[in-house]
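Okay, entry-v4.txt now, which holds compact mmCIF, C-alpha atoms and all ligand atoms:
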# COMPACT_ATOMS: atom_id res chain seq x y z
CA MET A 1 37.46 59.92 33.76
CA GLU A 2 35.76 59.59 37.14
CA ASP A 3 32.45 57.72 36.91
CA SER A 4 29.29 59.58 37.77
CA GLY A 5 27.72 56.62 39.61
CA SER A 6 27.52 58.24 43.05
CA VAL A 7 24.62 60.43 41.87
CA ASP A 8 21.07 59.12 41.38
CA TRP A 9 20.69 60.52 37.86
CA GLY A 10 17.16 59.13 37.55
CA GLU A 11 16.13 61.33 40.46
CA VAL A 12 17.99 64.31 38.92
CA CYS A 13 16.05 63.87 35.65
CA GLN A 14 12.77 64.04 37.55
CA ARG A 15 13.66 67.55 38.74
CA PHE A 16 13.13 68.79 35.16
CA PRO A 17 9.54 69.03 33.90
CA ILE A 18 10.66 68.73 30.28
CA VAL A 19 11.40 65.01 30.67
CA ASN A 20 7.66 64.38 30.97
CA GLU A 21 7.06 66.20 27.68
CA ARG A 22 9.80 65.31 25.23
CA ILE A 23 13.24 63.82 24.71
CA TYR A 24 15.04 67.12 24.70
CA LEU A 25 18.61 66.85 23.36
CA ASN A 26 19.36 70.49 22.66
CA ALA A 27 21.03 72.01 25.74
CA ALA A 28 23.69 73.61 23.55
CA ALA A 29 20.90 75.86 22.23
CA VAL A 30 18.83 76.37 25.39
CA GLY A 31 19.02 74.31 28.57
CA ALA A 32 15.71 73.24 30.09
CA MET A 33 14.94 74.76 33.49
CA PRO A 34 14.43 72.55 36.55
CA GLN A 35 11.25 73.02 38.61
CA VAL A 36 13.19 74.50 41.52
CA ALA A 37 14.30 77.37 39.25
CA VAL A 38 10.82 77.86 37.81
CA ASP A 39 9.55 78.16 41.41
CA ALA A 40 12.29 80.67 42.23
CA VAL A 41 11.28 82.86 39.26
CA HIS A 42 7.65 82.71 40.42
CA ALA A 43 8.67 83.53 44.00
CA HIS A 44 10.62 86.55 42.78
CA THR A 45 7.72 87.76 40.68
CA ARG A 46 5.35 87.31 43.64
CA SER A 47 7.72 89.33 45.80
CA VAL A 48 7.58 92.18 43.25
CA ALA A 49 3.78 92.00 43.46
CA LEU A 50 3.44 91.64 47.22
CA ARG A 51 6.53 93.31 48.74
CA ALA A 52 7.86 95.46 45.89
CA ASP A 53 10.65 97.73 47.16
CA GLY A 54 10.42 96.02 50.57
CA ALA A 55 12.17 93.01 49.02
CA PHE A 56 14.96 94.99 47.30
CA GLN A 57 17.71 93.91 49.72
CA THR A 58 16.69 90.27 49.24
CA TRP A 59 17.17 90.68 45.50
CA LEU A 60 20.60 92.27 45.99
CA ASN A 61 21.54 89.34 48.22
CA LEU A 62 20.46 87.00 45.45
CA LYS A 63 22.99 88.58 43.12
CA GLU A 64 25.78 88.10 45.66
CA SER A 65 24.97 84.44 46.19
CA CYS A 66 24.94 83.95 42.40
CA ARG A 67 28.34 85.63 42.28
CA VAL A 68 29.74 83.15 44.80
CA ASN A 69 28.25 80.21 42.88
CA LEU A 70 29.54 81.46 39.52
CA GLY A 71 32.98 81.93 41.07
CA ALA A 72 32.90 78.26 42.10
CA LEU A 73 31.64 77.12 38.68
CA LEU A 74 34.38 79.00 36.85
CA GLY A 75 37.10 78.50 39.46
CA VAL A 76 37.68 82.23 39.99
CA PRO A 77 37.32 84.60 42.95
CA PRO A 78 33.70 85.86 43.02
CA ARG A 79 34.96 89.44 43.31
CA SER A 80 36.61 89.17 39.92
CA LEU A 81 33.38 88.70 38.01
CA GLY A 82 30.53 90.96 37.04
CA PHE A 83 27.08 90.23 35.69
CA CYS A 84 26.04 91.43 32.25
CA SER A 85 23.21 90.47 29.91
CA HIS A 86 24.72 87.82 27.66
CA THR A 87 27.95 86.64 26.04
CA SER A 88 28.02 89.27 23.29
CA HIS A 89 27.46 91.99 25.87
CA GLY A 90 30.32 90.79 28.09
CA MET A 91 32.64 90.43 25.09
CA GLY A 92 31.71 93.91 23.87
CA LEU A 93 32.41 95.46 27.29
CA LEU A 94 35.76 93.72 27.41
CA ALA A 95 36.66 94.95 23.91
CA LEU A 96 35.81 98.50 24.97
CA ALA A 97 37.79 98.32 28.21
CA LEU A 98 40.85 96.91 26.45
CA GLU A 99 40.65 99.49 23.69
CA GLU A 100 41.03 102.29 26.20
CA ALA A 101 44.27 100.89 27.62
CA ALA A 102 47.00 102.51 25.52
CA ASP A 103 49.42 99.57 25.83
CA LEU A 104 46.75 96.92 25.14
CA GLY A 105 43.87 97.44 22.69
CA GLY A 106 45.11 100.99 22.13
CA ALA A 107 48.26 99.69 20.47
CA LYS A 108 47.46 96.14 19.41
CA LYS A 109 44.63 95.76 16.97
CA HIS A 110 44.84 92.12 15.93
CA ILE A 111 42.81 89.20 17.28
CA VAL A 112 43.17 85.50 16.50
CA HIS A 113 40.02 83.40 16.87
CA ALA A 114 38.84 79.89 16.10
CA ALA A 115 37.60 79.59 12.51
CA ASP A 116 34.23 78.12 13.58
CA GLU A 117 33.77 80.53 16.48
CA PHE A 118 30.26 81.63 17.40
CA PRO A 119 29.92 85.31 16.34
CA ALA A 120 29.40 86.45 19.94
CA SER A 121 33.18 85.96 20.17
CA THR A 122 34.09 87.84 17.00
CA VAL A 123 31.56 90.55 16.10
CA PRO A 124 32.36 92.71 19.17
CA TRP A 125 36.01 92.93 18.03
CA GLN A 126 35.16 93.54 14.39
CA HIS A 127 32.86 96.32 15.49
CA ARG A 128 35.70 98.04 17.38
CA GLY A 129 37.91 97.97 14.27
CA TYR A 130 40.16 95.05 15.15
CA GLU A 131 41.63 92.94 12.37
CA LEU A 132 40.70 89.30 12.87
CA ALA A 133 42.54 86.14 11.78
CA ALA A 134 40.94 82.69 11.88
CA ALA A 135 42.94 79.73 13.18
CA GLU A 136 41.90 76.39 11.67
CA ALA A 137 41.10 73.16 13.52
CA GLN A 138 42.79 69.88 12.72
CA GLU A 139 40.44 66.90 12.76
CA GLY A 140 37.96 69.04 14.62
CA ILE A 141 40.40 70.04 17.38
CA TYR A 142 41.78 73.55 17.90
CA ALA A 143 45.38 73.57 19.07
CA PRO A 144 47.33 76.55 20.42
CA GLU A 145 49.93 76.01 17.70
CA ALA A 146 47.35 77.00 15.07
CA PHE A 147 46.68 80.23 16.99
CA ALA A 148 50.40 80.92 17.38
CA ALA A 149 50.85 80.47 13.62
CA CYS A 150 48.29 83.26 12.98
CA SER A 151 49.74 85.63 15.58
CA ARG A 152 51.72 88.79 14.85
CA LYS A 153 53.57 91.43 16.84
CA ASP A 154 50.36 93.42 17.23
CA THR A 155 48.17 90.51 18.30
CA LEU A 156 46.29 91.52 21.42
CA ALA A 157 44.47 88.30 22.18
CA TRP A 158 43.38 84.83 21.25
CA VAL A 159 39.62 84.55 21.51
CA VAL A 160 38.35 81.01 21.67
CA SER A 161 35.39 79.04 22.93
CA HIS A 162 36.16 76.48 25.60
CA ALA A 163 33.69 74.23 23.75
CA GLN A 164 32.67 74.99 20.17
CA PHE A 165 28.99 75.59 19.49
CA GLY A 166 28.93 73.61 16.24
CA THR A 167 30.60 70.38 17.28
CA GLY A 168 31.00 70.56 21.07
CA ALA A 169 34.79 70.18 20.58
CA ARG A 170 36.65 71.35 23.67
CA ILE A 171 40.06 72.91 23.72
CA ASP A 172 42.83 71.95 26.13
CA LEU A 173 42.42 75.08 28.23
CA GLU A 174 45.64 74.60 30.15
CA ALA A 175 47.68 74.25 26.95
CA PHE A 176 46.04 77.39 25.53
CA CYS A 177 46.78 79.38 28.70
CA LYS A 178 50.43 78.35 28.68
CA ALA A 179 50.89 79.03 24.97
CA ALA A 180 49.15 82.41 25.12
CA ALA A 181 51.33 83.46 28.05
CA ALA A 182 54.44 82.34 26.16
CA GLN A 183 53.35 84.42 23.13
CA GLU A 184 52.51 87.39 25.40
CA VAL A 185 48.95 87.57 24.12
CA LEU A 186 45.79 87.58 26.21
CA LEU A 187 43.67 84.43 26.33
CA ILE A 188 39.99 85.37 26.19
CA VAL A 189 37.61 82.45 26.58
CA ASN A 190 33.98 82.14 25.60
CA ALA A 191 32.73 79.59 28.12
CA THR A 192 29.06 79.69 27.17
CA GLN A 193 29.18 76.10 25.91
CA SER A 194 31.11 74.81 28.90
CA VAL A 195 29.99 76.62 32.05
CA GLY A 196 27.85 74.14 33.96
CA THR A 197 29.28 71.08 32.19
CA GLY A 198 32.12 70.48 34.65
CA PRO A 199 34.98 72.25 36.42
CA ILE A 200 36.67 75.08 34.51
CA ASP A 201 39.44 76.28 36.82
CA ALA A 202 39.93 79.52 34.89
CA GLY A 203 41.75 81.25 37.78
CA ARG A 204 44.34 78.57 38.45
CA LEU A 205 44.99 78.03 34.74
CA GLY A 206 45.54 81.74 34.16
CA VAL A 207 42.73 82.62 31.74
CA ASP A 208 42.93 86.40 31.22
CA ALA A 209 39.24 87.00 30.65
CA LEU A 210 36.15 84.89 30.19
CA VAL A 211 32.56 85.51 29.17
CA ALA A 212 29.62 83.17 29.44
CA THR A 213 25.88 83.10 29.71
CA GLY A 214 23.32 81.07 31.60
CA HIS A 215 20.67 79.99 29.13
CA LYS A 216 22.43 76.86 27.95
CA TRP A 217 24.18 74.44 30.33
CA LEU A 218 23.29 76.49 33.41
CA CYS A 219 19.58 76.00 32.61
CA SER A 220 18.73 79.37 34.10
CA GLY A 221 16.86 81.16 31.31
CA PHE A 222 17.98 84.40 29.69
CA GLY A 223 19.84 87.52 30.80
CA ASN A 224 22.44 85.88 33.05
CA GLY A 225 25.68 86.86 31.35
CA VAL A 226 28.95 86.99 33.24
CA LEU A 227 32.33 88.62 32.61
CA TYR A 228 35.47 87.50 34.45
CA VAL A 229 38.72 89.43 34.17
CA LYS A 230 41.95 88.31 35.85
CA PRO A 231 42.58 90.81 38.67
CA SER A 232 46.07 91.76 37.44
CA LEU A 233 44.59 92.61 34.02
CA TRP A 234 41.53 94.37 35.40
CA GLU A 235 43.82 96.71 37.40
CA ARG A 236 45.14 98.01 34.08
CA LEU A 237 41.68 98.73 32.65
CA ARG A 238 39.17 101.52 33.02
CA ALA A 239 35.50 100.63 33.53
CA PRO A 240 33.93 100.51 30.06
CA LEU A 241 30.70 102.04 31.40
CA ALA A 242 29.24 103.16 34.72
CA GLY A 243 25.92 104.01 36.33
CA TRP A 244 24.53 104.61 39.81
CA ALA A 245 24.92 100.95 40.77
CA SER A 246 28.61 101.08 39.83
CA CYS A 247 29.30 103.27 42.87
CA VAL A 248 30.93 101.86 46.00
CA ASP A 249 28.02 102.92 48.20
CA ALA A 250 25.24 102.10 45.75
CA ALA A 251 23.47 99.66 48.09
CA LYS A 252 22.99 102.44 50.68
CA LEU A 253 20.82 104.32 48.18
CA ASP A 254 22.04 107.58 49.73
CA PHE A 255 22.72 109.94 46.87
CA SER A 256 23.35 113.03 49.02
CA LYS A 257 27.13 112.72 48.64
CA PRO A 258 29.26 111.52 45.75
CA SER A 259 30.55 107.98 45.90
CA PRO A 260 33.55 106.70 43.91
CA LEU A 261 33.16 103.90 41.41
CA ARG A 262 33.86 100.40 42.66
CA LYS A 263 37.17 99.01 41.49
CA ASP A 264 36.14 95.45 40.72
CA VAL A 265 34.55 94.01 37.58
CA ALA A 266 31.09 94.40 39.16
CA VAL A 267 31.38 98.07 38.18
CA ILE A 268 29.74 96.93 34.91
CA GLU A 269 26.53 96.21 36.87
CA SER A 270 25.58 99.78 36.29
CA GLY A 271 21.87 99.82 37.20
CA SER A 272 19.00 97.74 38.53
CA HIS A 273 19.41 94.14 37.47
CA GLN A 274 16.90 91.68 36.06
CA PHE A 275 16.46 89.58 39.17
CA ALA A 276 13.88 87.00 38.07
CA GLU A 277 16.29 84.86 36.13
CA LEU A 278 19.07 85.49 38.62
CA ALA A 279 16.71 83.74 41.04
CA ALA A 280 16.71 80.80 38.61
CA LEU A 281 20.51 80.96 38.29
CA GLU A 282 20.92 80.83 42.05
CA LYS A 283 19.03 77.54 42.14
CA THR A 284 20.58 75.92 39.07
CA SER A 285 24.14 76.89 40.02
CA GLU A 286 23.52 75.57 43.53
CA MET A 287 22.20 72.31 42.07
CA LEU A 288 25.22 71.80 39.78
CA LEU A 289 27.64 72.50 42.63
CA GLU A 290 25.79 70.11 44.93
CA LEU A 291 25.85 67.35 42.30
CA GLY A 292 29.59 67.94 42.02
CA LEU A 293 31.19 69.39 38.89
CA ASP A 294 33.36 66.30 38.39
CA ASN A 295 30.24 64.11 38.54
CA VAL A 296 28.45 66.35 36.05
CA ARG A 297 31.40 66.24 33.66
CA ALA A 298 31.65 62.45 33.98
CA ARG A 299 27.92 62.07 33.32
CA LEU A 300 28.00 64.30 30.24
CA VAL A 301 31.02 62.48 28.86
CA GLU A 302 29.17 59.19 29.45
CA LEU A 303 26.17 60.46 27.48
CA GLY A 304 28.45 61.90 24.78
CA ASP A 305 30.39 58.62 24.47
CA MET A 306 27.16 56.71 24.13
CA LEU A 307 26.09 59.01 21.33
CA LEU A 308 29.44 58.75 19.57
CA ASP A 309 29.39 54.94 19.74
CA GLY A 310 25.76 54.67 18.69
CA LEU A 311 26.07 57.05 15.75
CA GLU A 312 29.27 55.40 14.59
CA ALA A 313 27.56 52.00 14.74
CA LYS A 314 24.82 53.42 12.52
CA GLY A 315 27.49 54.42 10.02
CA TYR A 316 27.43 58.21 10.39
CA ALA A 317 30.50 60.39 10.02
CA ILE A 318 31.01 62.44 13.16
CA SER A 319 32.39 66.00 13.38
CA THR A 320 32.95 65.92 17.16
CA PRO A 321 36.39 64.67 18.24
CA SER A 322 36.10 61.28 19.93
CA ALA A 323 38.90 61.77 22.50
CA GLN A 324 37.19 62.29 25.87
CA ALA A 325 39.37 65.27 26.66
CA HIS A 326 38.01 67.03 23.58
CA HIS A 327 34.28 66.35 23.85
CA SER A 328 31.66 66.89 26.46
CA SER A 329 28.08 66.05 25.71
CA ALA A 330 27.27 67.74 22.42
CA VAL A 331 27.89 65.51 19.42
CA THR A 332 27.45 66.53 15.78
CA PHE A 333 27.12 64.01 12.97
CA LEU A 334 26.85 64.46 9.25
CA HIS A 335 23.58 63.69 7.54
CA PRO A 336 22.50 64.27 3.92
CA GLN A 337 19.37 66.16 5.02
CA PRO A 338 19.90 67.59 8.51
CA ALA A 339 16.85 69.89 8.49
CA LEU A 340 14.56 67.09 7.37
CA LEU A 341 15.86 64.72 10.04
CA VAL A 342 15.45 67.39 12.73
CA GLU A 343 11.88 67.90 11.59
CA GLU A 344 11.13 64.17 11.52
CA LEU A 345 12.53 63.69 15.02
CA GLY A 346 10.59 66.70 16.24
CA LYS A 347 7.39 64.93 15.18
CA GLN A 348 8.43 62.10 17.51
CA LYS A 349 9.00 64.64 20.31
CA ILE A 350 12.77 64.30 20.08
CA ASP A 351 14.57 67.65 19.88
CA VAL A 352 17.93 68.07 18.18
CA VAL A 353 19.14 70.84 15.88
CA ALA A 354 20.87 71.34 12.51
CA ARG A 355 24.32 72.88 13.05
CA ALA A 356 27.74 72.94 11.40
CA GLY A 357 26.51 71.11 8.31
CA GLY A 358 25.13 68.24 10.35
CA VAL A 359 22.85 67.41 13.26
CA ARG A 360 23.89 68.45 16.78
CA VAL A 361 22.69 66.35 19.69
CA SER A 362 23.35 67.88 23.10
CA PRO A 363 22.03 65.95 26.09
CA HIS A 364 22.30 67.34 29.61
CA ILE A 365 21.89 65.95 33.13
CA TYR A 366 18.12 65.69 32.61
CA ASN A 367 18.62 63.03 29.93
CA ASP A 368 19.12 59.38 30.80
CA LEU A 369 20.67 56.52 28.86
CA GLU A 370 17.20 55.40 27.72
CA ALA A 371 16.71 58.80 26.08
CA ILE A 372 19.91 58.33 24.08
CA ASP A 373 18.77 54.83 23.05
CA ALA A 374 15.37 56.16 22.01
CA PHE A 375 17.04 58.85 19.90
CA LEU A 376 19.36 56.31 18.24
CA ASP A 377 16.41 53.99 17.51
CA ALA A 378 14.27 56.78 16.06
CA PHE A 379 15.89 57.02 12.61
C1 LIG B 1 29.73 79.76 22.06
C2 LIG B 1 28.50 80.60 22.15
N1 LIG B 1 28.59 81.87 22.59
C3 LIG B 1 27.51 82.66 22.70
C4 LIG B 1 26.26 82.21 22.36
C5 LIG B 1 25.08 83.10 22.54
O1 LIG B 1 25.45 84.45 22.57
P1 LIG B 1 24.66 85.47 23.49
O2 LIG B 1 24.86 85.00 24.90
O3 LIG B 1 25.31 86.76 23.21
O4 LIG B 1 23.23 85.41 23.08
C6 LIG B 1 26.11 80.92 21.85
C7 LIG B 1 24.79 80.41 21.41
O5 LIG B 1 24.64 79.52 20.64
C8 LIG B 1 27.26 80.10 21.78
O6 LIG B 1 27.16 78.84 21.34

Using the file provided, produce a representation of the structure as structure tokens.
Amino acid sequence: MEDSGSVDWGEVCQRFPIVNERIYLNAAAVGAMPQVAVDAVHAHTRSVALRADGAFQTWLNLKESCRVNLGALLGVPPRSLGFCSHTSHGMGLLALALEEAADLGGAKKHIVHAADEFPASTVPWQHRGYELAAAEAQEGIYAPEAFAACSRKDTLAWVVSHAQFGTGARIDLEAFCKAAAAQEVLLIVNATQSVGTGPIDAGRLGVDALVATGHKWLCSGFGNGVLYVKPSLWERLRAPLAGWASCVDAAKLDFSKPSPLRKDVAVIESGSHQFAELAALEKTSEMLLELGLDNVRARLVELGDMLLDGLEAKGYAISTPSAQAHHSSAVTFLHPQPALLVEELGKQKIDVVARAGGVRVSPHIYNDLEAIDAFLDAF
């Protein structure tokens, strides 16, 4: 693992107002916003007050620059992703689009998912009448073999989080892509717990579709969901919904003649967007790209390793796999009274959360090594 030493992480921490308030170790729930993003939200709101429709083109431009940044964060062509509201929304749209394709969701009604999957990955499929099978982890790690063992002739897709919400355990994305292709099933990835934590490379690896949202590791507040679909798959699908903004000529705002629907995934951006938090996303995605995704990953692994070592030294059993390839920053440890410990730490202005039968600690780039030490010394 590359070391993250080329970045002045102390300076990075100071970009986030929360570090002056608390030791916040809960990015896997909600990432804290940096000041630059808070300022961008304010600037957008001021522009609605002082320029109103006069600033509309600026807001549309904002969306396009976010698209480019998200493309770089996910390792996919910007044109192959569309903005939606949140993970569940993107997954639901994908389920609908696949269902309409006679040779895909029209014929194959079986999905394999990780047993501990966050319900944003599963409920949309259940709701559309798919039968779901849960693949089990071994020692906290999900392997493609477990998914293959649950697959049938009518399996449409494997749906799996790149990093699990409960334990932070990461899958080997490349191995999953290869195995899914070999089984002739789609690989659909929920990247909400990994986007912004390091490079993803979804395009090169051959992920078929991916959904994610921005309120965790992207630190951009709420409403910034994204759906990526591999171009060769998207060509086979019909837009799951459409509105005026789905039209090719939407930006011209000339409704005197009919305009066809755009052919890319952005067709799902069917109306006027919420721009305020896109303004935040533009700044936070820019920041992560400037820091360097490899540096961010190395830093988060460093923080995660420190947590794993410290908790182990204190004698706690840990649910997160210790192999660096399978963890990022979130670490979950078992405790007899997780809720009580979370409450006690909260009184000391240290924020963690009870998850997966234990306590989940999820530091981000705004936490330093001293914060991890302070957490470990606090109980
Ligand atoms: C893996 C994963 N997906 C999705 C979400 C949130 O779903 P949504 O974006 O639909 O609110 C969470 C939140 O904890 C999550 O951990």

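Picture a line from CA of Ala313 (chain A) to CA of Pro336 (chain A); it runs 17.1 Å.
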
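Once only C-alpha atoms and all ligand atoms are used for the distance check, the residues close to ligand LIG 1 (chain B) at 6 Å turn out to be Ala29, His86, Thr87, Ser88, Phe118, Ala120, Ser161, Gln164, Phe165, Thr192, Gln193 and Thr213 of chain A.
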
Just want the 10 Å neighbourhood of region 266-278 of chain A, counted on all atoms listed in the file, with same-chain residues fewer than 4 positions away dropped. Output as an MDAnalysis selection string.
chainID A and resid 37:38 40:45 48 56 59:60 62:63 65:67 78:85 90 93 214:215 220:228 238:248 250 261:262 282:284

Show which residues sit within 7 Å of Ala354 (chain A), as a PDB file with C-alpha atoms, in the frame of the given file. Count all atoms listed in the file, and ignore same-chain residues fewer than 3 positions away.
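Produced file part.pdb, reproduced below:
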ATOM      1  CA  PRO A 338      19.900  67.590   8.510  1.00  0.00           C
ATOM      2  CA  ALA A 339      16.850  69.890   8.490  1.00  0.00           C
ATOM      3  CA  VAL A 342      15.450  67.390  12.730  1.00  0.00           C
ATOM      4  CA  GLY A 358      25.130  68.240  10.350  1.00  0.00           C
ATOM      5  CA  VAL A 359      22.850  67.410  13.260  1.00  0.00           C
ATOM      6  CA  ARG A 360      23.890  68.450  16.780  1.00  0.00           C
TER       7      ARG A 360
END

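Here the question is which of A:Leu289, A:Val361, A:Val185, A:Glu343 gets nearest to Leu311 (chain A) using all atoms listed in the file, and that residue is A:Val361.
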
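Residue nearest Asn295 (chain A), chosen from A:Gly310, A:Ile111, A:Glu344, A:Pro199 and counting all atoms listed in the file: A:Pro199.
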
Show me, as JSON lines, the residues of region 300-334 of chain A having an atom within 9 Å of region 128-145 of chain A, each with the closest atom pair and its distance in Å, using only C-alpha atoms.
{"residue": "A:Ser319", "atom": "CA", "partner": "A:Gly140", "partner_atom": "CA", "distance": 6.5}
{"residue": "A:Thr320", "atom": "CA", "partner": "A:Gly140", "partner_atom": "CA", "distance": 6.4}
{"residue": "A:Pro321", "atom": "CA", "partner": "A:Gly140", "partner_atom": "CA", "distance": 5.9}
{"residue": "A:His326", "atom": "CA", "partner": "A:Ile141", "partner_atom": "CA", "distance": 7.3}

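Using all atoms listed in the file, the nearest neighbour of Pro119 (chain A) within the list A:Leu218, A:Val352, A:Ala149, A:Val160 is A:Val160.
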
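Restricting the calculation to only C-alpha atoms, the smallest distance between Met33 (chain A) and any of A:Trp125, A:Trp217, A:Trp9, A:Phe147 is found for A:Trp217.
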
In the coordinate frame of the file, compute which residues have an atom within 9 Å of (13.1, 61.5, 29.7) when using all atoms listed in the file, and state them as a PyMOL selection string.
chain A and resi 13-14+18-24+366-368+370-371

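Residue nearest Asn190 (chain A), chosen from A:Val211, A:Leu50, A:Ala27, A:Ala202 and counting only C-alpha atoms: A:Val211.
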
Counting only C-alpha atoms, closest pick from A:Val112, A:Leu74, A:Ala181, A:Ala378 relative to Thr155 (chain A) is A:Val112

Counting all atoms listed in the file, select every polymer residue within 10 Å of (26.1, 67.2, 24.7) as defined in the file's coordinates, and provide the selection as JSON, numbers by chain.
{"A": [25, 26, 27, 28, 167, 168, 193, 197, 217, 300, 301, 302, 303, 304, 305, 307, 327, 328, 329, 330, 331, 332, 360, 361, 362, 363, 364, 365]}

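CA of His162 (chain A) sits 20.1 Å away from CA of Leu233 (chain A).
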
Near Tyr316 (chain A), counting all atoms listed in the file, which residues have an atom at most 8 Å away, once you skip same-chain residues fewer than 5 positions from it, shown as a PyMOL selection string?
chain A and resi 311+333-335

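Relative to CA of Pro124 (chain A), CA of Ala95 (chain A) is found at 6.8 Å.
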